[in-house]
$ cat protein23.csv   # CSV, C-alpha atoms
chain,number,residue,atom,x,y,z
A,54,MET,CA,-24.9,136.9,101.2
A,55,SER,CA,-25.1,137.1,97.4
A,56,GLY,CA,-21.4,136.7,96.6
A,57,PRO,CA,-18.0,138.2,97.1
A,58,ALA,CA,-18.9,141.7,96.0
A,59,LEU,CA,-19.0,144.3,98.8
A,60,HIS,CA,-21.4,147.2,98.2
A,61,LEU,CA,-20.1,150.5,99.5
A,62,ALA,CA,-22.4,153.3,100.5
A,63,VAL,CA,-21.3,156.7,101.8
A,64,GLU,CA,-23.1,159.3,103.9
A,65,ILE,CA,-22.6,162.7,102.3
A,66,ASP,CA,-24.6,165.0,104.6
A,67,GLY,CA,-22.9,168.2,105.7
A,68,ASP,CA,-19.1,168.3,105.7
A,69,GLY,CA,-18.5,164.9,107.4
A,70,ALA,CA,-19.4,162.7,110.4
A,71,HIS,CA,-17.6,164.9,112.9
A,72,PRO,CA,-19.8,167.8,114.1
A,73,ALA,CA,-16.8,170.2,113.6
A,74,ALA,CA,-15.9,168.8,110.2
A,75,TRP,CA,-16.7,172.2,108.6
A,76,ARG,CA,-13.5,173.5,110.2
A,77,ARG,CA,-11.4,171.4,108.0
A,78,ALA,CA,-13.5,171.6,104.8
A,79,SER,CA,-11.8,172.8,101.6
A,80,HIS,CA,-14.6,175.2,100.7
A,81,SER,CA,-15.8,178.3,102.5
A,82,PRO,CA,-18.6,177.8,105.0
A,83,ASP,CA,-21.2,179.7,102.8
A,84,GLN,CA,-20.8,177.1,100.1
A,85,LEU,CA,-22.2,174.2,102.1
A,86,LEU,CA,-25.8,175.0,101.3
A,87,THR,CA,-25.4,175.3,97.6
A,88,PRO,CA,-26.4,172.8,94.8
A,89,ARG,CA,-22.9,172.8,93.4
A,90,ARG,CA,-21.5,171.5,96.7
A,91,VAL,CA,-23.8,168.5,97.0
A,92,ALA,CA,-23.4,167.7,93.2
A,93,GLN,CA,-19.6,167.8,93.5
A,94,VAL,CA,-19.5,165.4,96.4
A,95,ALA,CA,-22.0,163.1,94.7
A,96,ALA,CA,-19.9,163.2,91.5
A,97,VAL,CA,-16.7,162.2,93.4
A,98,ALA,CA,-18.6,159.2,95.0
A,99,GLU,CA,-20.1,158.1,91.7
A,100,ASN,CA,-16.8,158.4,89.8
A,101,ALA,CA,-15.1,156.4,92.6
A,102,GLY,CA,-17.6,153.5,92.1
A,103,PHE,CA,-19.7,153.7,95.2
A,104,THR,CA,-22.9,151.8,95.0
A,105,LEU,CA,-25.0,154.3,97.0
A,106,ILE,CA,-25.0,157.6,98.7
A,107,THR,CA,-27.2,158.4,101.6
A,108,VAL,CA,-28.3,161.9,102.7
A,109,ASP,CA,-29.1,162.5,106.4
A,110,ASP,CA,-31.7,165.1,107.5
A,111,ASP,CA,-32.9,166.9,110.6
A,112,VAL,CA,-36.2,168.8,111.0
A,113,LEU,CA,-34.8,170.9,113.9
A,114,PRO,CA,-33.1,174.3,113.2
A,115,PRO,CA,-29.4,174.9,114.2
A,116,GLY,CA,-29.0,175.0,117.9
A,117,ALA,CA,-26.6,176.8,120.3
A,118,SER,CA,-23.7,174.3,120.0
A,119,PRO,CA,-20.2,175.4,118.9
A,120,ASP,CA,-20.8,173.8,115.5
A,121,PRO,CA,-24.3,174.6,114.3
A,122,VAL,CA,-25.5,172.8,111.2
A,123,GLY,CA,-27.8,174.1,108.5
A,124,ARG,CA,-29.4,171.8,105.9
A,125,ILE,CA,-31.3,171.7,102.7
A,126,GLY,CA,-33.9,168.9,103.0
A,127,ALA,CA,-32.6,165.5,102.3
A,128,MET,CA,-35.4,164.7,99.8
A,129,GLU,CA,-34.6,167.9,97.9
A,130,ARG,CA,-30.9,167.3,97.8
A,131,ALA,CA,-31.5,163.7,96.7
A,132,ALA,CA,-33.7,164.8,93.8
A,133,PHE,CA,-31.0,167.3,92.7
A,134,VAL,CA,-28.3,164.6,92.8
A,135,ALA,CA,-30.6,162.2,91.0
A,136,ALA,CA,-30.7,164.6,88.0
A,137,SER,CA,-27.0,165.1,88.0
A,138,THR,CA,-25.8,161.5,88.3
A,139,SER,CA,-26.3,158.4,86.2
A,140,THR,CA,-25.2,155.2,88.0
A,141,ILE,CA,-25.0,155.7,91.8
A,142,GLY,CA,-28.0,155.0,94.1
A,143,ILE,CA,-29.5,157.8,96.2
A,144,ALA,CA,-31.2,157.2,99.5
A,145,PRO,CA,-32.4,160.1,101.7
A,146,VAL,CA,-32.9,159.5,105.4
A,147,VAL,CA,-36.6,160.2,106.0
A,148,PRO,CA,-38.2,159.5,109.4
A,149,VAL,CA,-42.0,158.8,109.6
A,150,THR,CA,-42.3,159.3,113.3
A,151,TYR,CA,-44.3,162.5,112.5
A,152,ALA,CA,-44.3,162.9,108.8
A,153,GLU,CA,-47.3,161.7,106.8
A,154,PRO,CA,-46.5,158.4,105.1
A,155,PHE,CA,-48.7,159.3,102.2
A,156,HIS,CA,-46.6,162.3,101.3
A,157,VAL,CA,-43.3,160.5,102.1
A,158,SER,CA,-44.2,157.6,99.8
A,159,SER,CA,-45.2,160.1,97.0
A,160,GLN,CA,-41.9,162.0,97.3
A,161,LEU,CA,-39.8,158.8,97.3
A,162,ALA,CA,-41.7,157.4,94.3
A,163,SER,CA,-41.0,160.7,92.5
A,164,LEU,CA,-37.3,160.3,93.4
A,165,ASP,CA,-37.3,156.9,91.8
A,166,HIS,CA,-38.8,158.2,88.6
A,167,ILE,CA,-36.3,161.1,88.5
A,168,SER,CA,-33.4,158.8,89.1
A,169,ALA,CA,-34.7,156.2,86.6
A,170,GLY,CA,-34.8,153.5,89.3
A,171,ARG,CA,-31.8,154.4,91.5
A,172,ALA,CA,-33.7,155.5,94.7
A,173,GLY,CA,-33.6,154.1,98.2
A,174,TRP,CA,-35.0,155.1,101.6
A,175,VAL,CA,-33.2,155.0,104.9
A,176,VAL,CA,-35.9,154.7,107.5
A,177,ALA,CA,-35.1,156.6,110.7
A,178,GLU,CA,-36.8,157.9,113.9
A,179,GLU,CA,-37.3,161.3,115.4
A,180,GLU,CA,-36.4,160.7,119.1
A,181,ARG,CA,-36.2,164.3,120.4
A,182,PRO,CA,-39.4,166.0,121.8
A,183,GLU,CA,-38.4,169.2,120.0
A,184,ALA,CA,-39.1,167.5,116.7
A,185,ALA,CA,-42.7,166.9,117.8
A,186,ARG,CA,-43.1,170.7,118.5
A,187,ALA,CA,-41.6,171.4,115.0
A,188,TRP,CA,-44.2,169.2,113.4
A,189,GLY,CA,-47.0,170.5,115.6
A,190,ARG,CA,-47.7,167.0,116.7
A,191,PRO,CA,-48.0,165.3,120.2
A,192,PRO,CA,-44.7,163.6,121.1
A,193,VAL,CA,-44.1,160.0,120.3
A,194,ALA,CA,-42.3,159.4,123.6
A,195,ASP,CA,-41.3,155.8,123.9
A,196,ALA,CA,-39.2,153.5,121.8
A,197,ALA,CA,-42.1,151.0,121.2
A,198,ALA,CA,-44.3,153.8,119.9
A,199,ARG,CA,-41.6,155.1,117.6
A,200,ALA,CA,-41.0,151.6,116.2
A,201,ARG,CA,-44.8,151.3,115.6
A,202,GLU,CA,-44.7,154.6,113.6
A,203,SER,CA,-41.8,153.3,111.5
A,204,ARG,CA,-43.4,149.9,110.9
A,205,ASP,CA,-46.8,151.5,109.9
A,206,GLY,CA,-45.0,154.1,107.8
A,207,VAL,CA,-43.1,151.5,105.8
A,208,GLU,CA,-46.2,149.3,105.4
A,209,VAL,CA,-48.2,152.3,104.1
A,210,ALA,CA,-45.5,153.4,101.7
A,211,ARG,CA,-45.0,149.9,100.2
A,212,ALA,CA,-48.8,149.5,99.8
A,213,LEU,CA,-49.1,152.9,98.1
A,214,TRP,CA,-46.2,152.1,95.7
A,215,ASP,CA,-48.2,149.0,94.6
A,216,SER,CA,-51.5,150.9,94.4
A,217,TRP,CA,-50.8,151.6,90.7
A,218,GLU,CA,-50.2,148.5,88.7
A,219,ASP,CA,-47.3,148.7,86.2
A,220,ASP,CA,-49.6,149.0,83.2
A,221,ALA,CA,-52.2,151.4,84.8
A,222,VAL,CA,-51.0,154.3,82.7
A,223,ILE,CA,-52.4,154.0,79.1
A,224,ARG,CA,-51.8,157.4,77.5
A,225,SER,CA,-53.9,156.6,74.5
A,226,VAL,CA,-54.6,159.6,72.3
A,227,ALA,CA,-56.9,157.5,70.0
A,228,THR,CA,-59.2,156.5,72.9
A,229,SER,CA,-58.7,159.6,75.0
A,230,ARG,CA,-57.8,157.3,78.0
A,231,TYR,CA,-54.9,158.2,80.2
A,232,LEU,CA,-55.5,155.6,83.0
A,233,ASP,CA,-57.0,152.2,83.4
A,234,ARG,CA,-58.9,152.8,86.6
A,235,GLU,CA,-59.3,149.1,87.3
A,236,ARG,CA,-55.6,149.0,87.8
A,237,LEU,CA,-55.6,151.6,90.6
A,238,HIS,CA,-56.3,150.3,94.0
A,239,TYR,CA,-57.2,151.4,97.5
A,240,THR,CA,-54.7,150.5,100.2
A,241,ASP,CA,-57.2,150.7,103.0
A,242,PHE,CA,-54.7,150.8,105.8
A,243,THR,CA,-55.9,151.4,109.4
A,244,GLY,CA,-53.3,151.7,112.1
A,245,GLU,CA,-53.3,152.7,115.8
A,246,THR,CA,-52.8,156.4,115.0
A,247,TYR,CA,-54.0,157.0,111.4
A,248,ALA,CA,-55.7,155.5,108.4
A,249,VAL,CA,-54.7,155.8,104.7
A,250,LYS,CA,-57.0,154.8,101.9
A,251,GLY,CA,-55.1,155.7,98.7
A,252,PRO,CA,-54.4,155.2,95.9
A,253,ALA,CA,-51.1,157.1,95.5
A,254,ILE,CA,-50.9,160.2,93.4
A,255,VAL,CA,-47.7,159.0,91.7
A,256,PRO,CA,-47.5,156.0,89.3
A,257,ARG,CA,-45.7,152.9,90.5
A,258,PRO,CA,-41.9,153.5,90.9
A,259,PRO,CA,-39.6,152.1,88.2
A,260,GLN,CA,-38.2,149.6,90.7
A,261,GLY,CA,-41.7,148.6,91.8
A,262,GLN,CA,-40.6,149.0,95.3
A,263,LEU,CA,-37.7,151.3,96.4
A,264,VAL,CA,-34.8,149.7,98.3
A,265,VAL,CA,-35.7,150.2,102.0
A,266,LEU,CA,-32.8,150.4,104.5
A,267,GLY,CA,-33.1,150.5,108.2
A,268,ARG,CA,-32.2,149.2,111.6
A,269,PRO,CA,-33.8,145.7,112.2
A,270,ASP,CA,-34.3,146.5,115.9
A,271,ARG,CA,-36.6,149.4,114.9
A,272,VAL,CA,-38.2,148.2,111.6
A,273,PRO,CA,-39.3,144.6,111.2
A,274,ALA,CA,-36.8,142.7,109.1
A,275,ALA,CA,-39.6,141.6,106.8
A,276,GLN,CA,-40.1,145.2,105.7
A,277,LEU,CA,-36.5,145.9,104.9
A,278,ASP,CA,-34.4,145.1,101.9
A,279,VAL,CA,-31.2,146.2,103.6
A,280,ALA,CA,-30.5,145.9,107.4
A,281,LEU,CA,-28.1,148.5,108.9
A,282,VAL,CA,-26.3,146.7,111.7
A,283,GLU,CA,-24.0,148.2,114.3
A,284,GLY,CA,-21.1,147.0,116.4
A,285,ARG,CA,-17.9,148.5,117.8
A,286,ASP,CA,-15.6,145.7,116.5
A,287,LEU,CA,-15.6,143.1,113.8
A,288,ALA,CA,-16.9,140.3,116.1
A,289,SER,CA,-19.9,142.4,117.3
A,290,VAL,CA,-20.8,143.4,113.7
A,291,ALA,CA,-20.6,139.7,112.6
A,292,ALA,CA,-22.9,138.8,115.5
A,293,ALA,CA,-25.3,141.5,114.7
A,294,ALA,CA,-25.4,140.5,111.0
A,295,ALA,CA,-26.0,136.8,111.7
A,296,GLY,CA,-29.5,135.7,111.2
A,297,VAL,CA,-31.0,139.1,110.6
A,298,GLY,CA,-33.3,137.7,107.8
A,299,THR,CA,-33.1,140.6,105.4
A,300,PRO,CA,-32.0,140.1,101.8
A,301,ARG,CA,-28.9,142.3,102.3
A,302,VAL,CA,-27.0,143.5,105.4
A,303,PHE,CA,-24.8,146.6,105.6
A,304,ALA,CA,-22.5,147.5,108.5
A,305,GLU,CA,-22.2,151.1,109.8
A,306,VAL,CA,-18.5,152.2,109.8
A,307,GLU,CA,-17.0,155.6,110.7
A,308,VAL,CA,-13.7,156.3,109.1
A,309,ALA,CA,-10.8,158.8,109.6
A,310,LEU,CA,-8.0,158.1,107.2
A,311,ASP,CA,-4.4,159.2,107.0
A,312,THR,CA,-3.9,161.9,104.4
A,313,PRO,CA,-0.7,163.3,102.9
A,314,GLU,CA,-1.0,166.3,105.2
A,315,ALA,CA,-1.9,164.6,108.5
A,316,THR,CA,-2.5,161.3,110.2
A,317,ALA,CA,-6.0,160.3,111.1
A,318,ALA,CA,-5.2,160.6,114.8
A,319,ASN,CA,-4.0,164.1,114.4
A,320,ARG,CA,-7.0,165.1,112.3
A,321,VAL,CA,-9.4,163.8,114.9
A,322,ALA,CA,-7.4,165.5,117.8
A,323,ASP,CA,-7.6,168.8,115.9
A,324,LEU,CA,-11.4,168.6,115.7
A,325,GLU,CA,-11.8,167.2,119.2
A,326,ARG,CA,-10.4,170.5,120.5
A,327,HIS,CA,-13.7,172.1,119.4
A,328,THR,CA,-16.3,169.4,120.2
A,329,ALA,CA,-16.4,165.6,120.7
A,330,TRP,CA,-17.1,163.0,118.1
A,331,SER,CA,-20.0,161.2,119.7
A,332,ASP,CA,-19.9,157.5,120.1
A,333,ARG,CA,-22.8,155.9,118.2
A,334,GLY,CA,-21.8,152.4,118.9
A,335,TRP,CA,-20.5,151.9,115.4
A,336,LEU,CA,-17.2,150.3,114.2
A,337,ARG,CA,-14.7,153.1,113.8
A,338,HIS,CA,-11.5,153.0,111.8
A,339,LEU,CA,-8.6,155.5,112.3
A,340,GLY,CA,-5.6,154.8,110.2
A,341,SER,CA,-4.3,154.1,106.7
A,342,ALA,CA,-6.2,153.4,103.6
A,343,GLU,CA,-4.5,150.0,103.4
A,344,GLN,CA,-5.7,149.1,106.9
A,345,LEU,CA,-9.3,150.1,106.0
A,346,ALA,CA,-9.2,148.0,102.8
A,347,ALA,CA,-8.1,145.0,104.9
A,348,LEU,CA,-10.9,145.7,107.4
A,349,LEU,CA,-13.5,145.9,104.6
A,350,ALA,CA,-12.2,142.7,103.2
A,351,GLU,CA,-12.8,141.0,106.6
A,352,LEU,CA,-16.2,142.6,106.8
A,353,SER,CA,-17.1,141.1,103.4
A,354,ARG,CA,-17.1,137.7,105.0
A,355,HIS,CA,-20.1,138.8,107.2
A,356,VAL,CA,-22.0,141.5,105.5
A,357,ASP,CA,-23.1,142.4,101.9
A,358,GLY,CA,-22.1,146.0,102.2
A,359,VAL,CA,-20.8,148.9,104.4
A,360,ARG,CA,-22.1,152.4,104.9
A,361,LEU,CA,-19.1,154.6,105.4
A,362,HIS,CA,-19.3,157.8,107.5
A,363,PRO,CA,-16.1,159.9,106.7
A,364,LEU,CA,-14.7,162.1,109.4
A,365,VAL,CA,-14.3,165.1,106.9
A,366,LEU,CA,-15.7,164.5,103.4
A,367,ASP,CA,-13.2,166.8,101.7
A,368,GLU,CA,-10.3,165.0,103.2
A,369,ASP,CA,-11.4,161.4,103.5
A,370,LEU,CA,-13.5,160.9,100.3
A,371,PRO,CA,-10.5,161.6,98.0
A,372,VAL,CA,-8.5,159.0,99.9
A,373,LEU,CA,-11.3,156.5,99.6
A,374,SER,CA,-11.5,157.2,95.9
A,375,ARG,CA,-7.8,157.0,95.1
A,376,LEU,CA,-6.7,154.3,97.4
A,377,VAL,CA,-9.4,152.2,99.1
A,378,LEU,CA,-11.9,151.5,96.3
A,379,PRO,CA,-9.1,150.7,93.8
A,380,ALA,CA,-7.5,148.3,96.2
A,381,LEU,CA,-10.8,146.5,96.8
A,382,SER,CA,-11.5,146.4,93.1
A,383,GLU,CA,-8.1,144.8,92.4
A,384,ARG,CA,-9.1,142.1,94.9
A,385,ARG,CA,-12.5,141.8,93.1
A,386,LEU,CA,-14.3,142.7,96.3
A,387,VAL,CA,-16.3,145.6,94.8
A,388,THR,CA,-18.0,146.1,91.5
A,389,ARG,CA,-18.9,149.4,89.9
A,390,PRO,CA,-22.6,150.1,89.2
A,391,LEU,CA,-23.5,150.0,85.5
A,392,PRO,CA,-25.3,152.7,83.6
A,393,GLY,CA,-29.0,152.0,83.1
A,394,THR,CA,-29.1,149.6,86.1
A,395,SER,CA,-31.6,150.1,88.9
A,396,LEU,CA,-30.4,150.1,92.6
A,397,ARG,CA,-32.3,146.9,93.2
A,398,SER,CA,-30.5,145.2,90.3
A,399,THR,CA,-27.1,146.5,91.5
A,400,LEU,CA,-27.8,145.0,94.9
A,401,GLY,CA,-28.9,141.7,93.3
A,402,LEU,CA,-32.5,142.2,94.4
A,403,GLU,CA,-35.4,141.1,92.2
A,404,ARG,CA,-38.0,143.6,91.1
A,405,PRO,CA,-41.1,142.6,93.2
A,406,ALA,CA,-44.4,141.8,91.5
A,407,ASN,CA,-47.4,144.1,92.3
A,408,ARG,CA,-49.4,142.7,95.1
A,409,PHE,CA,-52.7,143.7,93.6
A,410,ALA,CA,-51.8,142.2,90.2
A,411,ILE,CA,-50.9,138.9,92.0
A,412,ALA,CA,-54.2,138.9,93.9
A,413,ALA,CA,-56.1,139.5,90.6
A,414,VAL,CA,-54.4,136.6,89.0
A,415,ALA,CA,-55.1,134.4,92.0
A,416,ALA,CA,-58.7,135.4,92.0
A,417,GLN,CA,-59.1,134.5,88.3
A,418,GLU,CA,-57.5,131.1,88.9
A,419,ASP,CA,-59.9,130.4,91.8
A,420,ALA,CA,-62.8,131.3,89.6
A,421,ARG,CA,-61.9,128.7,87.0
$ encode --input "protein23.csv" --output "structure tokens"
Amino acid sequence: MSGPALHLAVEIDGDGAHPAAWRRASHSPDQLLTPRRVAQVAAVAENAGFTLITVDDDVLPPGASPDPVGRIGAMERAAFVAASTSTIGIAPVVPVTYAEPFHVSSQLASLDHISAGRAGWVVAEEERPEAARAWGRPPVADAAARARESRDGVEVARALWDSWEDDAVIRSVATSRYLDRERLHYTDFTGETYAVKGPAIVPRPPQGQLVVLGRPDRVPAAQLDVALVEGRDLASVAAAAAGVGTPRVFAEVEVALDTPEATAANRVADLERHTAWSDRGWLRHLGSAEQLAALLAELSRHVDGVRLHPLVLDEDLPVLSRLVLPALSERRLVTRPLPGTSLRSTLGLERPANRFAIAAVAAQEDAR
């Protein structure tokens, strides 16, 4: 781990982690799919001092459950938030099980440009066969095949981000040259199910490489900047985090906090009358802000950060902002992102050199 600071991320999709969270939201249901809503939530998180927000996604339309969910695409929401914030990192959840990695890499690179270097990517998988039908693709049925698609997708995206060297764009009016074509490169990737030649259609991202987050059991650790680890208790999270081999490790934590109006247990029970809060195998905290702050302090001994999944955003995020983050700040366990700082810098990650530029330098030295 890099030091005592604990980086806090928060998932802001929908109205909260519970599928019936919309029933306790402070806004009317028709406001969920509005730009103002996502901007307001992002602003609260940024003002509180969170390092990162993540935005989940789902290609499938609302189903027949008691609590149907509609979404604006994660990438579109992330781009909107990027333009309305200044310090917080933004990482959409984007599976590459069926999506074309070339297009995903271009969208993510664009997001990094829009945010001036504050973008990340949460790599996920599409497990349900219905998703294949939505994409018009043959199902990727087994776990090994899905892991292969994630591995190849990240490899392609990273290669495409490097396919433009940092100084490839010239923009010289005097010489009428916009690009140095010698600094654009083919990726020449050939996998089991597709090939990508490149180069990208978007210049290299400001960060060089976006911050890539994912589960190390589904994406090789060597391809990740941040491993997202699971565990139902502190000991299992610590065990999962040990020896992962990624630069940073974040724990997944679901939270339901006591509020002035109701205890966490009562709030959960109210929502459970409608539908169950599914067990994802993550650490779950139900209780006071003080107890959560103590838990996060303990977690800081084992992980570099935590991604919080609040029960109901409108109820839990204000408590996190008013009580939890200030308590951790007083103990010097969290630091607020600074204006003009990239997400990589905030996380203490170096900006990687361009692989093609490195190869060119090495070739010149060999020729001497």
$ closest_residue --input "protein23.csv" --among "A:Ala74, A:Leu281, A:Ala184, A:Val108" --to "A:Val134" --atoms "only C-alpha atoms"
A:Val108
$ residues_around --input "protein23.csv" --residues "stretch 229-239 of chain A" --least-positions-apart "3" --cutoff "12 Å" --atoms "all atoms listed in the file" --output "PyMOL selection string"
chain A and resi 209+212-226+242-243+248-257+407-413
$ closest_residue --input "protein23.csv" --among "A:Ala95, A:Ala58, A:Ala144, A:Leu263" --to "A:Gly170" --atoms "all atoms listed in the file"
A:Leu263
$ closest_residue --input "protein23.csv" --among "A:Val207, A:Val321, A:Leu400, A:Ala416" --to "A:Gly244" --atoms "only C-alpha atoms"
A:Val207
$ residues_near_point --input "protein23.csv" --point "(-24.7, 154.2, 95.2)" --cutoff "10 Å" --atoms "all atoms listed in the file" --output "list in words"
His60, Leu61, Ala62, Val63, Ala95, Ala98, Glu99, Gly102, Phe103, Thr104, Leu105, Ile106, Thr107, Thr140, Ile141, Gly142, Ile143, Ala144, Arg171, Ala172, Gly173, Arg389, Pro390, Leu396, Thr399 and Leu400 of chain A
$ closest_residue --input "protein23.csv" --among "A:Pro363, A:Gly296, A:Pro258, A:Pro82" --to "A:Val308" --atoms "only C-alpha atoms"
A:Pro363
$ closest_residue --input "protein23.csv" --among "A:Ala415, A:Val359, A:Ala288, A:Ala136" --to "A:Glu307" --atoms "all atoms listed in the file"
A:Val359
$ atom_distance --input "protein23.csv" --atom1 "atom CA of A:Ala92" --atom2 "atom CA of A:Phe133"
7.6 Å
$ closest_residue --input "protein23.csv" --among "A:Ala210, A:Ala309, A:Ala317, A:Leu345" --to "A:Gln276" --atoms "only C-alpha atoms"
A:Ala210
$ residues_near_point --input "protein23.csv" --point "(-13.4, 146.4, 118.0)" --cutoff "10 Å" --atoms "only C-alpha atoms" --output "PyMOL selection string"
chain A and resi 284-290+335-338
$ write_last_selection --input "protein23.csv" --atoms "C-alpha atoms" --output "short mmCIF file (atom, residue, chain, number, x, y, z; two decimals), in the coordinates of the input"
data_model
loop_
_atom_site.label_atom_id
_atom_site.label_comp_id
_atom_site.auth_asym_id
_atom_site.auth_seq_id
_atom_site.Cartn_x
_atom_site.Cartn_y
_atom_site.Cartn_z
CA GLY A 284 -21.10 147.00 116.40
CA ARG A 285 -17.90 148.50 117.80
CA ASP A 286 -15.60 145.70 116.50
CA LEU A 287 -15.60 143.10 113.80
CA ALA A 288 -16.90 140.30 116.10
CA SER A 289 -19.90 142.40 117.30
CA VAL A 290 -20.80 143.40 113.70
CA TRP A 335 -20.50 151.90 115.40
CA LEU A 336 -17.20 150.30 114.20
CA ARG A 337 -14.70 153.10 113.80
CA HIS A 338 -11.50 153.00 111.80
#
$ atom_distance --input "protein23.csv" --atom1 "atom CA of A:Ser398" --atom2 "atom CA of A:Ala131"
19.6 Å
$ atom_distance --input "protein23.csv" --atom1 "atom CA of A:Glu325" --atom2 "atom CA of A:Pro371"
22.0 Å
$ decode --input "protein23.csv" --residues "stretch 327-341 of chain A" --atoms "N, CA, C and O atoms" --output "JSON list (two decimals), in the first residue's frame"
[["chain", "number", "residue", "atom", "x", "y", "z"],
["A", 327, "HIS", "N", -40.56, -5.17, 0.06],
["A", 327, "HIS", "CA", -40.87, -5.12, -1.36],
["A", 327, "HIS", "C", -40.04, -6.13, -2.17],
["A", 327, "HIS", "O", -40.57, -6.80, -3.05],
["A", 328, "THR", "N", -38.76, -6.20, -1.86],
["A", 328, "THR", "CA", -37.89, -7.15, -2.56],
["A", 328, "THR", "C", -36.60, -7.30, -1.76],
["A", 328, "THR", "O", -36.26, -6.42, -0.95],
["A", 329, "ALA", "N", -35.88, -8.37, -1.98],
["A", 329, "ALA", "CA", -34.70, -8.68, -1.18],
["A", 329, "ALA", "C", -33.47, -7.93, -1.68],
["A", 329, "ALA", "O", -33.33, -7.67, -2.89],
["A", 330, "TRP", "N", -32.59, -7.60, -0.76],
["A", 330, "TRP", "CA", -31.27, -7.04, -1.07],
["A", 330, "TRP", "C", -30.35, -8.23, -1.29],
["A", 330, "TRP", "O", -29.94, -8.90, -0.34],
["A", 331, "SER", "N", -30.04, -8.52, -2.52],
["A", 331, "SER", "CA", -29.30, -9.74, -2.84],
["A", 331, "SER", "C", -27.91, -9.73, -2.22],
["A", 331, "SER", "O", -27.27, -8.68, -2.11],
["A", 332, "ASP", "N", -27.46, -10.91, -1.83],
["A", 332, "ASP", "CA", -26.15, -11.09, -1.21],
["A", 332, "ASP", "C", -25.12, -11.29, -2.32],
["A", 332, "ASP", "O", -25.14, -12.28, -3.03],
["A", 333, "ARG", "N", -24.22, -10.34, -2.47],
["A", 333, "ARG", "CA", -23.19, -10.41, -3.50],
["A", 333, "ARG", "C", -21.85, -10.89, -2.95],
["A", 333, "ARG", "O", -20.84, -10.87, -3.65],
["A", 334, "GLY", "N", -21.85, -11.30, -1.68],
["A", 334, "GLY", "CA", -20.61, -11.76, -1.09],
["A", 334, "GLY", "C", -19.69, -10.63, -0.65],
["A", 334, "GLY", "O", -18.50, -10.84, -0.42],
["A", 335, "TRP", "N", -20.24, -9.41, -0.50],
["A", 335, "TRP", "CA", -19.45, -8.26, -0.10],
["A", 335, "TRP", "C", -19.62, -7.98, 1.38],
["A", 335, "TRP", "O", -20.62, -8.36, 1.99],
["A", 336, "LEU", "N", -18.66, -7.29, 1.94],
["A", 336, "LEU", "CA", -18.77, -6.79, 3.31],
["A", 336, "LEU", "C", -19.93, -5.81, 3.37],
["A", 336, "LEU", "O", -20.07, -4.92, 2.53],
["A", 337, "ARG", "N", -20.79, -5.99, 4.37],
["A", 337, "ARG", "CA", -21.98, -5.14, 4.49],
["A", 337, "ARG", "C", -22.03, -4.53, 5.88],
["A", 337, "ARG", "O", -21.99, -5.25, 6.89],
["A", 338, "HIS", "N", -22.15, -3.21, 5.94],
["A", 338, "HIS", "CA", -22.24, -2.51, 7.23],
["A", 338, "HIS", "C", -23.63, -1.93, 7.41],
["A", 338, "HIS", "O", -24.10, -1.14, 6.58],
["A", 339, "LEU", "N", -24.29, -2.29, 8.50],
["A", 339, "LEU", "CA", -25.55, -1.70, 8.92],
["A", 339, "LEU", "C", -25.33, -1.10, 10.30],
["A", 339, "LEU", "O", -24.99, -1.82, 11.25],
["A", 340, "GLY", "N", -25.47, 0.22, 10.43],
["A", 340, "GLY", "CA", -25.27, 0.81, 11.73],
["A", 340, "GLY", "C", -24.93, 2.29, 11.62],
["A", 340, "GLY", "O", -25.30, 2.97, 10.66],
["A", 341, "SER", "N", -24.21, 2.78, 12.60],
["A", 341, "SER", "CA", -23.95, 4.21, 12.73],
["A", 341, "SER", "C", -22.77, 4.65, 11.86],
["A", 341, "SER", "O", -21.94, 3.83, 11.42]]
